[in-house]
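Colleague: For reference, the file model22.pdb (PDB, C-alpha atoms) is included below:
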```pdb
MODEL        1
ATOM      1  CA  MET K   1     -22.277  -7.685  -1.772
ATOM      2  CA  GLU K   2     -20.372 -10.552  -0.233
ATOM      3  CA  ILE K   3     -16.971  -9.514   1.070
ATOM      4  CA  SER K   4     -13.883 -11.298   2.342
ATOM      5  CA  VAL K   5     -11.744  -9.154   4.651
ATOM      6  CA  VAL K   6      -8.061 -10.108   4.728
ATOM      7  CA  ILE K   7      -6.040  -9.263   7.866
ATOM      8  CA  PRO K   8      -2.307 -10.122   7.954
ATOM      9  CA  THR K   9      -1.233 -10.321  11.597
ATOM     10  CA  TYR K  10       2.119 -10.112  13.344
ATOM     11  CA  ASN K  11       2.654  -9.113  16.986
ATOM     12  CA  ALA K  12      -0.721  -7.379  17.194
ATOM     13  CA  GLU K  13      -2.085  -8.943  20.366
ATOM     14  CA  GLU K  14      -3.191  -5.536  21.657
ATOM     15  CA  PHE K  15      -5.110  -4.542  18.525
ATOM     16  CA  ILE K  16      -6.339  -7.577  16.583
ATOM     17  CA  GLU K  17      -9.675  -8.067  18.338
ATOM     18  CA  LYS K  18     -10.777  -4.488  17.666
ATOM     19  CA  ALA K  19      -9.775  -4.854  14.017
ATOM     20  CA  VAL K  20     -11.772  -8.064  13.579
ATOM     21  CA  GLU K  21     -14.871  -6.748  15.335
ATOM     22  CA  SER K  22     -14.812  -3.604  13.189
ATOM     23  CA  ALA K  23     -15.089  -5.854  10.110
ATOM     24  CA  LEU K  24     -17.752  -8.119  11.626
ATOM     25  CA  GLN K  25     -20.103  -5.168  12.185
ATOM     26  CA  PHE K  26     -21.158  -5.556   8.522
ATOM     27  CA  ASP K  27     -23.510  -8.423   7.668
ATOM     28  CA  PHE K  28     -22.224  -8.562   4.090
ATOM     29  CA  VAL K  29     -18.700  -9.299   5.345
ATOM     30  CA  LYS K  30     -19.054 -13.062   5.006
ATOM     31  CA  GLU K  31     -15.582 -13.971   6.247
ATOM     32  CA  VAL K  32     -12.706 -12.347   8.065
ATOM     33  CA  ILE K  33      -9.475 -14.098   7.119
ATOM     34  CA  ILE K  34      -6.724 -13.726   9.701
ATOM     35  CA  VAL K  35      -3.308 -14.872   8.497
ATOM     36  CA  GLU K  36      -1.004 -15.099  11.506
ATOM     37  CA  ASP K  37       2.655 -14.649  10.593
ATOM     38  CA  ALA K  38       4.566 -16.426  13.399
ATOM     39  CA  SER K  39       4.192 -13.712  16.025
ATOM     40  CA  THR K  40       6.531 -13.673  19.001
ATOM     41  CA  ASP K  41       3.967 -12.332  21.479
ATOM     42  CA  GLY K  42       0.517 -13.631  22.408
ATOM     43  CA  THR K  43      -1.086 -12.829  19.044
ATOM     44  CA  LEU K  44      -1.613 -16.440  17.976
ATOM     45  CA  ALA K  45      -3.442 -17.323  21.194
ATOM     46  CA  LYS K  46      -5.597 -14.215  20.840
ATOM     47  CA  CYS K  47      -6.391 -15.108  17.219
ATOM     48  CA  ARG K  48      -7.380 -18.634  18.222
ATOM     49  CA  SER K  49      -9.726 -17.195  20.834
ATOM     50  CA  ILE K  50     -11.295 -14.860  18.272
ATOM     51  CA  ASP K  51     -11.592 -17.702  15.752
ATOM     52  CA  ALA K  52     -13.425 -19.862  18.283
ATOM     53  CA  LYS K  53     -15.758 -17.013  19.203
ATOM     54  CA  HIS K  54     -16.846 -15.865  15.717
ATOM     55  CA  PRO K  55     -18.070 -18.303  13.019
ATOM     56  CA  ARG K  56     -17.195 -15.868  10.247
ATOM     57  CA  VAL K  57     -13.538 -15.679  11.315
ATOM     58  CA  LYS K  58     -11.083 -18.042   9.620
ATOM     59  CA  LEU K  59      -7.567 -18.347  11.007
ATOM     60  CA  PHE K  60      -4.620 -19.429   8.876
ATOM     61  CA  GLN K  61      -0.862 -19.673   9.247
ATOM     62  CA  HIS K  62       1.855 -20.366   6.717
ATOM     63  CA  PRO K  63       2.184 -24.124   6.173
ATOM     64  CA  ASP K  64       5.606 -24.269   7.860
ATOM     65  CA  LYS K  65       4.525 -21.863  10.650
ATOM     66  CA  LYS K  66       7.423 -19.494   9.797
ATOM     67  CA  ASN K  67       7.466 -15.690   9.512
ATOM     68  CA  TYR K  68       7.331 -14.353   5.944
ATOM     69  CA  GLY K  69       6.355 -10.701   6.263
ATOM     70  CA  ASP K  70       3.368  -8.687   5.150
ATOM     71  CA  SER K  71       3.483  -9.344   1.394
ATOM     72  CA  VAL K  72       3.521 -13.147   1.517
ATOM     73  CA  THR K  73       1.037 -13.130   4.377
ATOM     74  CA  ARG K  74      -1.461 -10.894   2.590
ATOM     75  CA  ASN K  75      -1.066 -12.946  -0.595
ATOM     76  CA  LEU K  76      -2.004 -16.078   1.330
ATOM     77  CA  GLY K  77      -5.108 -14.279   2.569
ATOM     78  CA  ILE K  78      -6.059 -13.365  -1.002
ATOM     79  CA  GLU K  79      -5.688 -16.994  -2.065
ATOM     80  CA  LYS K  80      -7.907 -18.141   0.809
ATOM     81  CA  ALA K  81     -10.657 -15.569   0.120
ATOM     82  CA  GLN K  82     -13.850 -17.182  -1.170
ATOM     83  CA  TYR K  83     -16.135 -14.255  -1.949
ATOM     84  CA  GLU K  84     -16.543 -11.902  -4.876
ATOM     85  CA  TYR K  85     -15.081  -8.837  -3.181
ATOM     86  CA  ILE K  86     -11.906  -8.539  -1.122
ATOM     87  CA  ALA K  87     -11.211  -5.774   1.384
ATOM     88  CA  PHE K  88      -8.022  -5.324   3.347
ATOM     89  CA  LEU K  89      -7.354  -4.401   6.946
ATOM     90  CA  ASP K  90      -4.188  -4.276   9.016
ATOM     91  CA  ALA K  91      -4.284  -5.919  12.416
ATOM     92  CA  ASP K  92      -3.682  -2.649  14.286
ATOM     93  CA  ASP K  93      -6.272  -0.628  12.321
ATOM     94  CA  TYR K  94     -10.071  -0.653  12.190
ATOM     95  CA  TYR K  95     -13.070   0.143   9.999
ATOM     96  CA  LEU K  96     -15.598   2.900  10.637
ATOM     97  CA  PRO K  97     -19.373   2.353  10.158
ATOM     98  CA  ASN K  98     -19.280   4.101   6.745
ATOM     99  CA  ARG K  99     -16.514   1.836   5.427
ATOM    100  CA  PHE K 100     -18.574   0.311   2.591
ATOM    101  CA  ASP K 101     -21.182   3.032   1.984
ATOM    102  CA  ALA K 102     -19.660   4.064  -1.355
ATOM    103  CA  GLU K 103     -19.016   0.480  -2.438
ATOM    104  CA  LEU K 104     -22.659  -0.503  -2.014
ATOM    105  CA  GLU K 105     -23.587   2.093  -4.637
ATOM    106  CA  LEU K 106     -20.580   2.197  -6.953
ATOM    107  CA  PHE K 107     -20.282  -1.544  -7.511
ATOM    108  CA  LYS K 108     -23.752  -1.480  -9.080
ATOM    109  CA  ASP K 109     -21.873  -0.309 -12.170
ATOM    110  CA  PRO K 110     -20.441  -3.562 -13.620
ATOM    111  CA  LYS K 111     -17.340  -1.910 -15.052
ATOM    112  CA  ILE K 112     -16.129  -0.805 -11.594
ATOM    113  CA  GLU K 113     -13.579  -3.314 -10.267
ATOM    114  CA  GLY K 114     -12.282  -1.464  -7.222
ATOM    115  CA  VAL K 115     -13.250   1.398  -4.913
ATOM    116  CA  PHE K 116     -11.076   3.237  -2.414
ATOM    117  CA  GLY K 117     -11.578   5.996   0.137
ATOM    118  CA  ALA K 118      -9.834   8.035   2.822
ATOM    119  CA  ILE K 119      -8.458   6.945   6.170
ATOM    120  CA  GLY K 120      -7.929   8.843   9.400
ATOM    121  CA  THR K 121      -5.351   8.498  12.160
ATOM    122  CA  ASP K 122      -5.956   7.342  15.726
ATOM    123  CA  PHE K 123      -3.084   8.219  18.047
ATOM    124  CA  VAL K 124      -2.962   5.535  20.703
ATOM    125  CA  THR K 125       0.340   6.678  22.234
ATOM    126  CA  GLU K 126       1.915  10.103  22.571
ATOM    127  CA  ASN K 127       5.171   8.823  21.103
ATOM    128  CA  GLY K 128       3.194   7.459  18.150
ATOM    129  CA  ARG K 129       1.738  10.928  17.597
ATOM    130  CA  LYS K 130       5.185  12.507  17.746
ATOM    131  CA  GLN K 131       6.679  10.018  15.281
ATOM    132  CA  TYR K 132       3.750  10.395  12.898
ATOM    133  CA  ILE K 133       3.897  14.203  12.848
ATOM    134  CA  GLU K 134       7.663  14.133  12.360
ATOM    135  CA  LYS K 135       7.195  11.856   9.346
ATOM    136  CA  PHE K 136       3.960  13.109   7.754
ATOM    137  CA  GLY K 137       3.198  16.493   9.313
ATOM    138  CA  GLU K 138      -0.189  17.357  10.778
ATOM    139  CA  ASN K 139      -2.342  16.152   7.881
ATOM    140  CA  PHE K 140      -4.139  13.313   9.640
ATOM    141  CA  LEU K 141      -6.399  12.373   6.705
ATOM    142  CA  CYS K 142      -4.737  10.110   4.151
ATOM    143  CA  THR K 143      -6.626  10.601   0.901
ATOM    144  CA  VAL K 144      -6.526  11.707  -2.710
ATOM    145  CA  PHE K 145      -7.606  15.248  -3.444
ATOM    146  CA  PHE K 146     -10.227  14.932  -6.160
ATOM    147  CA  PRO K 147     -12.473  12.223  -7.664
ATOM    148  CA  ALA K 148     -11.140  10.057 -10.474
ATOM    149  CA  GLU K 149     -11.941   6.833 -12.283
ATOM    150  CA  GLY K 150     -10.341   4.231 -14.523
ATOM    151  CA  ARG K 151      -6.890   4.536 -16.072
ATOM    152  CA  GLU K 152      -6.703   8.235 -15.146
ATOM    153  CA  ILE K 153      -6.089   7.141 -11.541
ATOM    154  CA  PHE K 154      -2.912   5.370 -12.642
ATOM    155  CA  TYR K 155      -1.630   8.479 -14.412
ATOM    156  CA  HIS K 156      -2.600  10.760 -11.528
ATOM    157  CA  LEU K 157      -0.628   8.570  -9.110
ATOM    158  CA  ILE K 158       2.593   8.907 -11.117
ATOM    159  CA  THR K 159       2.333  12.537 -12.239
ATOM    160  CA  GLU K 160       4.843  15.046 -10.856
ATOM    161  CA  PRO K 161       4.301  17.490  -9.322
ATOM    162  CA  ASN K 162       1.609  15.346  -7.742
ATOM    163  CA  PHE K 163      -1.644  17.167  -7.050
ATOM    164  CA  PHE K 164      -3.750  14.007  -6.743
ATOM    165  CA  GLY K 165      -1.899  12.026  -4.085
ATOM    166  CA  SER K 166       0.885   9.558  -4.753
ATOM    167  CA  SER K 167      -0.961   6.633  -3.175
ATOM    168  CA  PHE K 168      -3.936   5.589  -1.080
ATOM    169  CA  SER K 169      -4.313   3.112   1.744
ATOM    170  CA  MET K 170      -4.944  -0.586   1.265
ATOM    171  CA  ILE K 171      -7.287  -0.554   4.278
ATOM    172  CA  ALA K 172      -9.642   1.718   2.350
ATOM    173  CA  LEU K 173      -9.587  -0.457  -0.802
ATOM    174  CA  THR K 174     -12.254  -2.957  -1.857
ATOM    175  CA  VAL K 175     -11.605  -4.884  -5.061
ATOM    176  CA  LYS K 176     -13.277  -7.633  -7.037
ATOM    177  CA  LYS K 177     -11.333 -10.854  -6.672
ATOM    178  CA  SER K 178     -11.620 -11.336 -10.432
ATOM    179  CA  ALA K 179      -9.625  -8.110 -10.926
ATOM    180  CA  LEU K 180      -6.697  -9.704  -9.099
ATOM    181  CA  GLU K 181      -6.674 -12.809 -11.293
ATOM    182  CA  ASN K 182      -6.331 -11.542 -14.857
ATOM    183  CA  PRO K 183      -3.532 -10.644 -14.881
ATOM    184  CA  LYS K 184      -2.625 -12.145 -11.529
ATOM    185  CA  ILE K 185      -1.853  -9.245  -9.208
ATOM    186  CA  ARG K 186      -0.257  -9.962  -5.858
ATOM    187  CA  MET K 187       2.008  -8.213  -3.380
ATOM    188  CA  GLN K 188       5.687  -8.386  -4.294
ATOM    189  CA  ASP K 189       7.451 -10.787  -1.923
ATOM    190  CA  HIS K 190      10.844  -9.073  -2.173
ATOM    191  CA  LEU K 191       9.520  -5.732  -0.927
ATOM    192  CA  THR K 192       9.353  -5.324   2.836
ATOM    193  CA  ILE K 193       8.374  -1.616   2.772
ATOM    194  CA  ALA K 194       6.222   0.273   0.235
ATOM    195  CA  GLN K 195       4.766  -2.974  -1.097
ATOM    196  CA  ASP K 196       1.284  -1.464  -0.697
ATOM    197  CA  LYS K 197       2.129   1.442  -2.992
ATOM    198  CA  GLU K 198       3.694  -0.833  -5.588
ATOM    199  CA  PHE K 199       0.615  -3.072  -5.556
ATOM    200  CA  ILE K 200      -1.760  -0.093  -5.795
ATOM    201  CA  ILE K 201       0.005   1.413  -8.817
ATOM    202  CA  ARG K 202      -0.080  -1.873 -10.722
ATOM    203  CA  LEU K 203      -3.713  -2.425  -9.759
ATOM    204  CA  ALA K 204      -4.632   1.080 -10.945
ATOM    205  CA  TYR K 205      -3.221   0.226 -14.373
ATOM    206  CA  HIS K 206      -4.865  -3.177 -14.784
ATOM    207  CA  ALA K 207      -8.227  -2.627 -13.034
ATOM    208  CA  HIS K 208     -10.995  -0.055 -13.372
ATOM    209  CA  LEU K 209     -10.858   1.747 -10.033
ATOM    210  CA  LYS K 210     -13.021   4.601  -8.770
ATOM    211  CA  THR K 211     -12.736   6.968  -5.847
ATOM    212  CA  GLY K 212     -15.298   6.488  -3.083
ATOM    213  CA  ILE K 213     -15.539   8.645   0.049
ATOM    214  CA  ILE K 214     -12.419  10.796  -0.022
ATOM    215  CA  ASP K 215     -13.376  13.786   2.145
ATOM    216  CA  LYS K 216     -13.701  11.907   5.446
ATOM    217  CA  PRO K 217     -12.277   8.653   6.802
ATOM    218  CA  VAL K 218     -13.854   5.253   6.226
ATOM    219  CA  ALA K 219     -11.203   3.514   8.351
ATOM    220  CA  MET K 220      -8.617   4.435  10.950
ATOM    221  CA  ARG K 221      -4.963   3.545  11.194
ATOM    222  CA  THR K 222      -3.399   3.599  14.620
ATOM    223  CA  ALA K 223      -0.225   5.538  15.313
ATOM    224  CA  HIS K 224       1.750   3.829  18.044
ATOM    225  CA  ASP K 225       5.349   3.248  19.075
ATOM    226  CA  SER K 226       5.849   0.235  16.799
ATOM    227  CA  ASN K 227       4.692   1.619  13.424
ATOM    228  CA  THR K 228       7.299   0.501  10.892
ATOM    229  CA  ILE K 229       6.889   3.329   8.398
ATOM    230  CA  THR K 230       7.556   6.104  10.931
ATOM    231  CA  LYS K 231      10.955   4.609  11.786
ATOM    232  CA  ILE K 232      12.401   5.609   8.411
ATOM    233  CA  LYS K 233      13.504   9.240   8.316
ATOM    234  CA  ASN K 234      12.514  11.217   5.242
ATOM    235  CA  TYR K 235      15.317  11.361   2.652
ATOM    236  CA  SER K 236      17.626   9.170   4.731
ATOM    237  CA  ILE K 237      19.745   6.492   3.050
ATOM    238  CA  LYS K 238      17.216   3.854   4.090
ATOM    239  CA  TYR K 239      14.414   6.002   2.632
ATOM    240  CA  HIS K 240      16.199   6.167  -0.725
ATOM    241  CA  GLN K 241      17.000   2.449  -0.643
ATOM    242  CA  LYS K 242      13.307   1.733  -0.087
ATOM    243  CA  ASN K 243      12.337   3.921  -3.033
ATOM    244  CA  ALA K 244      14.968   2.338  -5.256
ATOM    245  CA  LEU K 245      13.509  -1.130  -4.635
ATOM    246  CA  LEU K 246       9.967   0.174  -5.135
ATOM    247  CA  TYR K 247      10.645   1.841  -8.471
ATOM    248  CA  GLU K 248      12.950  -0.892  -9.730
ATOM    249  CA  SER K 249      10.049  -3.300  -9.271
ATOM    250  CA  LEU K 250       7.644  -0.951 -11.073
ATOM    251  CA  PHE K 251      10.122  -0.318 -13.892
ATOM    252  CA  LYS K 252      10.608  -4.043 -14.499
ATOM    253  CA  TRP K 253       6.838  -4.515 -14.506
ATOM    254  CA  ALA K 254       6.214  -1.549 -16.833
ATOM    255  CA  ARG K 255       8.711  -2.811 -19.412
ATOM    256  CA  LYS K 256       6.534  -5.921 -19.834
ATOM    257  CA  GLN K 257       3.382  -3.897 -20.582
ATOM    258  CA  LYS K 258       3.430  -3.689 -24.374
ATOM    259  CA  GLU K 259       0.493  -1.275 -24.583
ATOM    260  CA  MET K 260       1.812   1.125 -21.943
ATOM    261  CA  PRO K 261       3.028   4.463 -23.357
ATOM    262  CA  LYS K 262       6.689   5.410 -23.058
ATOM    263  CA  GLU K 263       6.198   8.187 -20.481
ATOM    264  CA  PRO K 264       5.306   5.992 -17.471
ATOM    265  CA  LYS K 265       8.189   3.650 -18.259
ATOM    266  CA  VAL K 266      10.595   6.593 -18.322
ATOM    267  CA  PHE K 267       9.078   7.914 -15.080
ATOM    268  CA  PHE K 268       9.648   4.622 -13.251
ATOM    269  CA  LYS K 269      13.179   4.328 -14.604
ATOM    270  CA  MET K 270      14.119   7.874 -13.564
ATOM    271  CA  LYS K 271      12.626   7.379 -10.096
ATOM    272  CA  PHE K 272      14.597   4.146  -9.771
ATOM    273  CA  LEU K 273      17.897   5.650 -10.919
ATOM    274  CA  SER K 274      17.568   8.854  -8.895
ATOM    275  CA  SER K 275      16.684   6.877  -5.749
ATOM    276  CA  LYS K 276      19.527   4.427  -6.336
ATOM    277  CA  ILE K 277      21.991   7.311  -6.692
ATOM    278  CA  ALA K 278      20.534   9.159  -3.698
ATOM    279  CA  ALA K 279      21.165   6.101  -1.510
ATOM    280  CA  LEU K 280      24.911   6.481  -2.102
ATOM    281  CA  SER K 281      27.192   8.897  -0.300
ATOM    282  CA  GLY K 282      30.253  10.996  -1.002
ATOM    283  CA  ILE K 283      32.066  10.688  -4.306
ATOM    284  CA  ARG K 284      30.173   7.485  -5.161
ATOM    285  CA  LYS K 285      26.950   9.485  -5.450
ATOM    286  CA  TYR K 286      28.375  11.913  -8.003
ATOM    287  CA  ALA K 287      30.267   9.225  -9.889
ATOM    288  CA  SER K 288      27.070   7.183 -10.261
ATOM    289  CA  PHE K 289      25.158  10.228 -11.481
ATOM    290  CA  ILE K 290      27.816  11.014 -14.100
ATOM    291  CA  TYR K 291      27.795   7.370 -15.206
ATOM    292  CA  HIS K 292      24.010   7.157 -15.695
ATOM    293  CA  ALA K 293      23.212  10.661 -16.976
ATOM    294  CA  PRO K 294      24.547  10.381 -20.584
ATOM    295  CA  GLY K 295      22.292   7.425 -21.393
ATOM    296  CA  ASN K 296      19.354   8.844 -19.452
ATOM    297  CA  PRO K 297      19.118  12.582 -20.243
ATOM    298  CA  GLN K 298      15.822  12.889 -18.356
ATOM    299  CA  LEU K 299      17.899  12.359 -15.207
ATOM    300  CA  LEU K 300      19.231  15.887 -15.730
ATOM    301  CA  LYS K 301      15.784  17.375 -15.132
ATOM    302  CA  THR K 302      15.744  19.399 -11.951
ATOM    303  CA  ARG K 303      13.395  17.155  -9.983
ATOM    304  CA  TYR K 304      15.446  14.017 -10.632
ATOM    305  CA  ARG K 305      18.879  15.673 -10.433
ATOM    306  CA  TYR K 306      18.094  17.453  -7.180
ATOM    307  CA  PHE K 307      16.603  14.312  -5.613
ATOM    308  CA  ALA K 308      19.575  12.159  -6.644
ATOM    309  CA  LEU K 309      22.259  14.553  -5.402
ATOM    310  CA  LYS K 310      20.528  15.831  -2.263
ATOM    311  CA  ASN K 311      22.584  15.198   0.862
ATOM    312  CA  ASN K 312      21.137  12.625   3.240
ATOM    313  CA  PRO K 313      20.277  13.723   6.781
ATOM    314  CA  PRO K 314      22.322  12.257   9.626
ATOM    315  CA  GLY K 315      20.979   9.103  11.252
TER     316      GLY K 315
ENDMDL
END
```
Written as structure tokens, how would this file's structure read?
Modeller:
Amino acid sequence: MEISVVIPTYNAEEFIEKAVESALQFDFVKEVIIVEDASTDGTLAKCRSIDAKHPRVKLFQHPDKKNYGDSVTRNLGIEKAQYEYIAFLDADDYYLPNRFDAELELFKDPKIEGVFGAIGTDFVTENGRKQYIEKFGENFLCTVFFPAEGREIFYHLITEPNFFGSSFSMIALTVKKSALENPKIRMQDHLTIAQDKEFIIRLAYHAHLKTGIIDKPVAMRTAHDSNTITKIKNYSIKYHQKNALLYESLFKWARKQKEMPKEPKVFFKMKFLSSKIAALSGIRKYASFIYHAPGNPQLLKTRYRYFALKNNPPG
């Protein structure tokens, strides 16, 4: 295997070197692509130092040196990748020694286009631990719950109630670059949160994925004071707004897939509408539900109706 590891980087001066070195521990990682996204701390200087130190490290910035966010930054890394396989890593996370153990075996099957595993959590601050537990509970292993392969992964990800896991982490994903080209699959620029999940669901439909090591971590994410995802309270207005953008994007994509069955398209539409309604408050919430329900009777199902009309927590 010859792997390109893509690391989007913004204000990660404290973490980036550990992330890079965790990728360089593997001889078959032929390049580590750092895309620096106009950090406001000392990240760029640190990246330049790392680039000068390691021949396999390649440092890029956006042509105009401006900040564009994770999606555009990761997409630039994908475009710069030169090798057959692409793996992803966030600048504040790191790989474990078993990161590619499953890939080395599973990619011997030519039909496999992507492999993903489980990730653990490394609490680097006490406040990071507190925020993480408040958001996700005390399940520190992010994984799916049983092996799966091919298109069934797509359907497992969007089935409710979800017994498989609604997503998996990008930092545990390795994918053939060819799988991202036909059709061209990239991160959605307009999404600032949940873009990973949106990308993963589309990839699971278009590419032949397979579960790798899912019972123990192959990489670690760090939980610290600045984690973006832990700042959004569950079922808050911002949470519902995030979901509305996520599922609107997936619904628009699904409508273009002529061979896709009706059920996933309905699922994405109902998730979009229920999230959009849930993001409203007061009489506007109920008025919007009454407006949309006649033309979308599935919205009356308990799981969508309850989600749409549930009161948002304060804050």
Colleague: Show which residues sit within 8 Å of stretch 170-179 of chain K, as a PyMOL selection string. Count all atoms listed in the file, and ignore same-chain residues fewer than 5 positions away.
Modeller: chain K and resi 83-90+99+103+113-119+196+200+206-207+218-219
Colleague: To one decimal in Å, tell me the separation between atom CA of K:Met1 and atom CA of K:Ser22.
Modeller: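 Atom CA of K:Met1 sits 17.2 Å away from atom CA of K:Ser22.
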Colleague: Which residues, written as a compact mmCIF listing (two decimals) with C-alpha atoms, in the frame of the given file, have at least one atom at most 12 Å from K:Thr222, with only C-alpha atoms counted and residues fewer than 3 positions away on the same chain left out?
Modeller:
```txt
# COMPACT_ATOMS: atom_id res chain seq x y z
CA ALA K 12 -0.72 -7.38 17.19
CA GLU K 14 -3.19 -5.54 21.66
CA PHE K 15 -5.11 -4.54 18.52
CA ILE K 16 -6.34 -7.58 16.58
CA LYS K 18 -10.78 -4.49 17.67
CA ALA K 19 -9.78 -4.85 14.02
CA LEU K 89 -7.35 -4.40 6.95
CA ASP K 90 -4.19 -4.28 9.02
CA ALA K 91 -4.28 -5.92 12.42
CA ASP K 92 -3.68 -2.65 14.29
CA ASP K 93 -6.27 -0.63 12.32
CA TYR K 94 -10.07 -0.65 12.19
CA TYR K 95 -13.07 0.14 10.00
CA ILE K 119 -8.46 6.94 6.17
CA GLY K 120 -7.93 8.84 9.40
CA THR K 121 -5.35 8.50 12.16
CA ASP K 122 -5.96 7.34 15.73
CA PHE K 123 -3.08 8.22 18.05
CA VAL K 124 -2.96 5.54 20.70
CA THR K 125 0.34 6.68 22.23
CA GLU K 126 1.92 10.10 22.57
CA ASN K 127 5.17 8.82 21.10
CA GLY K 128 3.19 7.46 18.15
CA ARG K 129 1.74 10.93 17.60
CA GLN K 131 6.68 10.02 15.28
CA TYR K 132 3.75 10.40 12.90
CA PHE K 140 -4.14 13.31 9.64
CA ILE K 171 -7.29 -0.55 4.28
CA ALA K 219 -11.20 3.51 8.35
CA ASP K 225 5.35 3.25 19.08
CA SER K 226 5.85 0.24 16.80
CA ASN K 227 4.69 1.62 13.42
CA THR K 228 7.30 0.50 10.89
CA THR K 230 7.56 6.10 10.93
```
Colleague: Return as a list of chain:residue names the set of residues that the PyMOL selection byres ((chain K and resi 242-251) around 8) yields on the displayed structure.
Modeller: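 For this structure, the PyMOL selection byres ((chain K and resi 242-251) around 8) resolves to K:Leu191, K:Ile193, K:Ala194, K:Gln195, K:Glu198, K:Arg202, K:Lys238, K:Tyr239, K:His240, K:Gln241, K:Lys252, K:Trp253, K:Ala254, K:Arg255, K:Lys265, K:Phe268, K:Lys269, K:Lys271, K:Phe272, K:Leu273, K:Ser274, K:Ser275, K:Lys276.
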Colleague: Considering all atoms listed in the file, can you say which of K:His208, K:Ala287, K:Glu160, K:Pro294 comes closest to K:Pro264?
Modeller: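 Using all atoms listed in the file, the shortest distance to K:Pro264 belongs to K:Glu160.
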Colleague: For stretch 17-20 of chain K, I'd like the enclosing box, axis-aligned and padded by 4 Å on every side, reported as lines of an AutoDock Vina configuration file with centre and edge lengths in Å to one decimal.
Modeller:
```
center_x = -10.7
center_y = -6.3
center_z = 16.0
size_x = 10.1
size_y = 11.6
size_z = 12.8
```
Colleague: Measuring atom to atom with only C-alpha atoms, identify which of K:Thr302, K:Leu309, K:Leu59, K:Gly212 is nearest to K:Ser288.
Modeller: K:Leu309
Colleague: Report, in Å with one decimal, the straight-line distance from atom CA of K:Gly165 to atom CA of K:Glu149.
Modeller: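 Separation of atom CA of K:Gly165 and atom CA of K:Glu149: 14.0 Å.
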Colleague: Go through K:Lys46, K:Arg56, K:His190, K:Lys233 and flag the residue nearest K:Asp27, using only C-alpha atoms for the distances.
Modeller: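 Looking at the shortest contact to K:Asp27, the residue is K:Arg56.
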Colleague: Hey, which of K:Lys53, K:Leu209, K:Lys65, K:Asn182 ends up closest to K:Pro110? Count all atoms listed in the file.
Modeller: K:Leu209
Colleague: Please compute the atom CA of K:Lys108-atom CA of K:Phe28 distance, one decimal, in Å.
Modeller: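 Atom CA of K:Lys108 sits 15.0 Å away from atom CA of K:Phe28.
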Colleague: I'd like to know which of K:Ser281, K:Ile112, K:Gln82, K:Asp215 is closest to K:Arg151, using all atoms listed in the file.
Modeller: K:Ile112
Colleague: Given the choices K:Leu157, K:Ala308, K:Ala23, K:Leu180, which gets closest to K:Phe100 if the distance is worked out from all atoms listed in the file?
Modeller: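 Among the listed residues, K:Ala23 lies closest to K:Phe100.
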Colleague: Applying 9 Å and only C-alpha atoms, which residues near K:Ala38 remain after dropping the ones on its own chain fewer than 4 positions away? List them as a PDB file with C-alpha atoms, keeping the file's coordinate frame.
Modeller:
```pdb
ATOM      1  CA  THR K   9      -1.233 -10.321  11.597  1.00  0.00           C
ATOM      2  CA  TYR K  10       2.119 -10.112  13.344  1.00  0.00           C
ATOM      3  CA  ASN K  11       2.654  -9.113  16.986  1.00  0.00           C
ATOM      4  CA  THR K  43      -1.086 -12.829  19.044  1.00  0.00           C
ATOM      5  CA  LEU K  44      -1.613 -16.440  17.976  1.00  0.00           C
ATOM      6  CA  GLN K  61      -0.862 -19.673   9.247  1.00  0.00           C
ATOM      7  CA  HIS K  62       1.855 -20.366   6.717  1.00  0.00           C
ATOM      8  CA  LYS K  65       4.525 -21.863  10.650  1.00  0.00           C
ATOM      9  CA  LYS K  66       7.423 -19.494   9.797  1.00  0.00           C
ATOM     10  CA  ASN K  67       7.466 -15.690   9.512  1.00  0.00           C
ATOM     11  CA  TYR K  68       7.331 -14.353   5.944  1.00  0.00           C
TER      12      TYR K  68
END
```
Colleague: For K:Lys80, please output as a list in words all residues within 12 Å (counting only C-alpha atoms; exclusion window: fewer than 3 positions along the same chain).
Modeller: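 Using only C-alpha atoms, the neighbours found are Ser4, Val5, Val6, Ile7, Glu31, Val32, Ile33, Ile34, Val35, Lys58, Leu59, Phe60, Gln61, His62, Thr73, Arg74, Asn75, Leu76, Gly77, Tyr83, Ile86 and Lys177 of chain K.
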